[in-house]
Amino acid sequence: MKVKNLIIGAGPCGLGAGYKLKENNNDDFLILERESCAGGLSRSFITDEGYLFEIGGHVHFSEDATYLDAISNVFGKENIFFHERKAYVYMDSYFVDYPFQSNLEQVRDKRILDNKVDENLKVQNFHDWLNKTFGDKVCEIFMTPYNSKVWSHSLEDMSFEWIEKRVATPVERKTKSWGPNSQFFFPKKGGTSAIWNSFAKYIGEEKIKYNTSVISIDLENKQVTTDNNLIIEFENLLNTTPLINLVKYANLKIDHQDLKFNSLYCLGLGIEGKAPKKIEDKSWIYFPGKAPFYRMTVLSNYSNNNTPNDHCYSLLLEMTSSNKEIDTIELENMALAYLEEEGFIENRESIQSKWSFQSKFAYPIPTLGRNENLEEINRTLDKYSIKSKGRFGAWKYELGNQDHCFMQGYNWAKDV
Ligand SMILES: Cc1cc2nc3c(=O)[nH]c(=O)nc-3n(C[C@H](O)[C@H](O)[C@H](O)COP(=O)(O)OP(=O)(O)OC[C@H]3O[C@@H](n4cnc5c(N)ncnc54)[C@H](O)[C@@H]3O)c2cc1C
C-alpha cells in the first residue's frame, strides 16, 4: 500500500492533520491508530453504572480562533456547556483560591509571614525559579510539595523556560480569572471523546485504520510496518506517538536520555447522594499535602450527563509516578481513606461505581537536557520527511494541550 501522507495516531494531533487535509481536499492520506477509537489521551470512558470518566480532568479552552472554529464547525457550540473555572488548593482541611500564590492572605500556615526571596539566587532550574519567583515559604508550603507530586521528578533537573502561561507569577494578581483556562467548556454529552469522535467522523472513518499499531519504520525505503502485517509506503509521515517510541520503531541511534516522562494512575468514583456542600460548585482542586493524589476533579459539575442521575456525583483523582510499578490497591485505599477523613465522601459504601486507568505516558518532563535531544532527533527525522508532533510526539509539555496538539497537526497538513 502507498499513501502520500501517513499519520500515526488518531489523537487530537492526528485528527487536526486529518481535518485540514480533508478541508483542503487533499485526499491521499491515512491515519493509523492502535486503539479501537479516536481521541488518544483525550478520550472518555463510561462505566456500566453510567458514570463518565477521563484520563485526567480534561477541559477545553483555547486562544486559537482556528481551533475554536473547527470545534464549532464539526461538533457545534450547541453541544457544549460553558463554565467559569472554580479551582482551589486544599491545604488539608481548608481551601485557598487558585492560584495559590495570588491568594496568600488566605493561607493559615504562619510560616507564610516569613516568606523571603533570595535576590542573589542564580536561577538554573525550575526549583530555583520557583524560589526566586515566589519566595522560600511559598515554596515550602505549596510550590515544592505540589510540583514534586505532579511531576514525580526532581525539580532541580527541570528547566524553567516553559513556564509562561503555565504558572501564575505574583504580579499577575487577577486572582480567580488568571490563566488561559479561567473559562472552559465541556461537551454536554459523551465527555471529551464526543469532540474527537466528531472529528473522526468528519474526516471519514475509512481514513482511519483502528486496531493498527505501528511496530517499525524503514527510513531508507520510507515504509511503515504494522502489527497486522500492513506495509505502507509514505511520502510524508506525521508521528504523534511518543517520540522515544518512534526512535525505537525507526531504529535510530540517537541520544534521548533526557526525554523523561511520568506516568498516570486515575481513579474515578461514582458516588450515591448529593455532593458535599464544600465541593458542590467546584471544578477541580489541587492537593499539595498528604492526599496521594495531586488533583481531584468534580466531574459531575461539568455536565449532568456525566452521571446516571441527579442523585449522585463523581470525582476523578489523578496520581503520577516516575514510570515504576505502582501498587494501585494501596493507592486506592489511601485515596479513599483520605476522602472519607476529609469529608469528600460520606463513606465507602456510598461508592456506586469505580473506574481506574493507567497511562504510561502522562507528562513529558521539560528536563534541562530536553531541547538538545529534541533538536538532534528532529534534524535526523527531517531528512526522511518525518515530523513528530503532539503532546509526546513533540515532547513539549508547554505545547501539550489539546488545542496545541490539534494545531500542530493542522499546520503540518497545510504544508504537505
Ligand atoms: C492528566 C492529563 C490531563 C490533561 N488535561 C488537559 C486539559 O484539561 N485540557 C487540554 O487541552 N489538554 C489536557 N491534557 C492534554 C491532552 O490529553 C493532550 O493534549 C492530547 O491528548 C494530545 O494529543 P496527541 O494527539 O498529541 O496525543 P495522544 O492523545 O497521546 O494521541 C496519540 C495517539 O497515538 C496512538 N498510538 C500510540 N502508539 C501508536 C502506534 N504504535 N501505532 C498507532 N497508533 C499509536 C494512541 O493510541 C493515541 O490515540 C491532559 C493530559 C493529561 C495526561
# chains A, B, ... in the order shown; residues from 1 in each chain; ligands from 1
call {"tool": "residues_near_ligand", "arguments": {"ligand": "ligand 1", "cutoff": "6 Å", "atoms": "only C-alpha atoms and all ligand atoms", "output": "number ranges by chain"}}
result
A: 8-14, 32-35, 38-42, 55-60, 212-215, 240-241, 362-363, 390-391, 400-403, 405
call {"tool": "residues_around", "arguments": {"residues": "Phe61 in chain A", "least_positions_apart": "6", "cutoff": "9 Å", "atoms": "only C-alpha atoms", "output": "list in words"}}
result
Leu68, Pro180, Asn181, Ser182, Gln183, Phe184, Phe185, Gln402 and Asp403 of chain A
call {"tool": "write_last_selection", "arguments": {"atoms": "N, CA, C and O atoms", "output": "short mmCIF file (atom, residue, chain, number, x, y, z; two decimals), in the first residue's frame"}}
result
data_model
loop_
_atom_site.label_atom_id
_atom_site.label_comp_id
_atom_site.auth_asym_id
_atom_site.auth_seq_id
_atom_site.Cartn_x
_atom_site.Cartn_y
_atom_site.Cartn_z
N LEU A 68 -10.97 26.87 17.68
CA LEU A 68 -12.34 27.02 18.18
C LEU A 68 -13.35 26.93 17.03
O LEU A 68 -14.42 26.33 17.17
N PRO A 180 -5.20 30.85 31.01
CA PRO A 180 -5.99 30.58 29.82
C PRO A 180 -7.24 29.73 30.07
O PRO A 180 -8.17 29.76 29.28
N ASN A 181 -7.27 29.00 31.20
CA ASN A 181 -8.43 28.12 31.41
C ASN A 181 -9.42 28.68 32.44
O ASN A 181 -10.19 27.93 33.03
N SER A 182 -9.42 30.02 32.64
CA SER A 182 -10.33 30.59 33.63
C SER A 182 -11.79 30.41 33.19
O SER A 182 -12.71 30.46 34.00
N GLN A 183 -11.98 30.26 31.89
CA GLN A 183 -13.29 29.82 31.39
C GLN A 183 -13.02 28.61 30.52
O GLN A 183 -12.02 28.58 29.80
N PHE A 184 -13.87 27.64 30.61
CA PHE A 184 -13.63 26.44 29.81
C PHE A 184 -14.95 25.84 29.36
O PHE A 184 -16.02 26.23 29.84
N PHE A 185 -14.86 24.92 28.43
CA PHE A 185 -16.09 24.25 28.02
C PHE A 185 -15.93 22.74 28.03
O PHE A 185 -14.80 22.22 28.03
N GLN A 402 -4.70 20.02 24.22
CA GLN A 402 -5.44 19.56 23.03
C GLN A 402 -5.37 20.57 21.88
O GLN A 402 -5.17 20.20 20.72
N ASP A 403 -5.54 21.85 22.22
CA ASP A 403 -5.54 22.86 21.14
C ASP A 403 -4.17 22.95 20.47
O ASP A 403 -4.06 22.99 19.24
#
call {"tool": "residues_around", "arguments": {"residues": "Met319 in chain A", "least_positions_apart": "6", "cutoff": "7 Å", "atoms": "only C-alpha atoms", "output": "short mmCIF file (atom, residue, chain, number, x, y, z; two decimals) with C-alpha atoms, in the first residue's frame"}}
result
data_model
loop_
_atom_site.label_atom_id
_atom_site.label_comp_id
_atom_site.auth_asym_id
_atom_site.auth_seq_id
_atom_site.Cartn_x
_atom_site.Cartn_y
_atom_site.Cartn_z
CA LEU A 264 -0.53 8.46 35.49
CA TYR A 265 -2.94 6.46 37.58
CA CYS A 266 -6.51 7.81 37.55
CA PRO A 292 -1.94 10.60 47.49
CA PHE A 293 -3.42 12.45 44.51
CA TYR A 294 -2.39 15.87 43.21
#
call {"tool": "atom_distance", "arguments": {"atom1": "CA of Val74 in chain A", "atom2": "CA of Phe53 in chain A"}}
result
22.7 Å
call {"tool": "closest_residue", "arguments": {"among": "A:Asn309, A:Gly191, A:Lys201, A:Ile232", "to": "Phe45 in chain A", "atoms": "only C-alpha atoms"}}
result
A:Gly191
call {"tool": "atom_distance", "arguments": {"atom1": "CA of Asn228 in chain A", "atom2": "CA of Leu6 in chain A"}}
result
16.4 Å
call {"tool": "select_by_dssp", "arguments": {"residues": "range 48-246 of chain A", "states": "helix (DSSP H, G or I)", "output": "ChimeraX atom specification"}}
result
/A:65-74,77-79,100-102,104-106,110-114,126-134,136-151,155-157,175-177,191-203,205-207,243-246
call {"tool": "closest_atom_pairs", "arguments": {"of": "range 184-276 of chain A", "to": "range 328-349 of chain A", "cutoff": "9 Å", "atoms": "only C-alpha atoms", "output": "JSON lines"}}
result
{"residue": "A:Tyr265", "atom": "CA", "partner": "A:Thr328", "partner_atom": "CA", "distance": 7.9}
{"residue": "A:Leu267", "atom": "CA", "partner": "A:Glu332", "partner_atom": "CA", "distance": 7.5}
{"residue": "A:Ile271", "atom": "CA", "partner": "A:Ile345", "partner_atom": "CA", "distance": 7.6}
{"residue": "A:Glu272", "atom": "CA", "partner": "A:Glu349", "partner_atom": "CA", "distance": 8.9}
{"residue": "A:Ala275", "atom": "CA", "partner": "A:Phe344", "partner_atom": "CA", "distance": 7.8}
{"residue": "A:Pro276", "atom": "CA", "partner": "A:Phe344", "partner_atom": "CA", "distance": 6.4}
call {"tool": "write_last_selection", "arguments": {"atoms": "N, CA and C atoms", "output": "short mmCIF file (atom, residue, chain, number, x, y, z; two decimals), in the first residue's frame"}}
result
data_model
loop_
_atom_site.label_atom_id
_atom_site.label_comp_id
_atom_site.auth_asym_id
_atom_site.auth_seq_id
_atom_site.Cartn_x
_atom_site.Cartn_y
_atom_site.Cartn_z
N TYR A 265 -1.92 7.40 37.12
CA TYR A 265 -2.94 6.46 37.58
C TYR A 265 -4.16 7.30 37.93
N LEU A 267 -8.19 7.47 39.18
CA LEU A 267 -9.25 6.73 39.86
C LEU A 267 -10.53 7.55 39.78
N ILE A 271 -20.53 8.32 43.06
CA ILE A 271 -20.94 8.26 44.46
C ILE A 271 -22.42 8.61 44.62
N GLU A 272 -23.07 7.79 45.40
CA GLU A 272 -24.51 7.99 45.65
C GLU A 272 -24.73 9.21 46.55
N ALA A 275 -23.43 15.83 46.36
CA ALA A 275 -22.03 16.16 46.66
C ALA A 275 -21.98 16.97 47.94
N PRO A 276 -20.96 16.75 48.78
CA PRO A 276 -20.84 17.57 50.00
C PRO A 276 -20.82 19.05 49.64
#
call {"tool": "residues_around", "arguments": {"residues": "Thr380 in chain A", "least_positions_apart": "6", "cutoff": "9 Å", "atoms": "only C-alpha atoms", "output": "ChimeraX atom specification"}}
result
/A:252,254,386
call {"tool": "atom_distance", "arguments": {"atom1": "CA of Glu233 in chain A", "atom2": "CA of Asn221 in chain A"}}
result
7.7 Å
call {"tool": "residues_around", "arguments": {"residues": "Glu280 in chain A", "least_positions_apart": "3", "cutoff": "10 Å", "atoms": "only C-alpha atoms", "output": "MDAnalysis selection string"}}
result
chainID A and resid 274:277 283 298 300:301 313
call {"tool": "closest_residue", "arguments": {"among": "A:Tyr286, A:Met158, A:Phe234, A:Asn251", "to": "Phe142 in chain A", "atoms": "only C-alpha atoms"}}
result
A:Tyr286
call {"tool": "select_by_dssp", "arguments": {"residues": "range 87-281 of chain A", "states": "strand (DSSP E)", "output": "PyMOL selection string"}}
result
chain A and resi 87-90+95-97+183-187+208-209+214-218+223-226+231-239+260-272
call {"tool": "residues_around", "arguments": {"residues": "Gln124 in chain A", "least_positions_apart": "2", "cutoff": "12 Å", "atoms": "only C-alpha atoms", "output": "number ranges by chain"}}
result
A: 121-122, 126-132, 155-161, 367-368
call {"tool": "residues_around", "arguments": {"residues": "Asp415 in chain A", "least_positions_apart": "3", "cutoff": "12 Å", "atoms": "only C-alpha atoms", "output": "ChimeraX atom specification"}}
result
/A:5,17,20-21,24,26,236,238,385,387,408-412
call {"tool": "closest_residue", "arguments": {"among": "A:Val107, A:Ile231, A:Ile141, A:Ile203", "to": "Glu23 in chain A", "atoms": "only C-alpha atoms"}}
result
A:Ile203
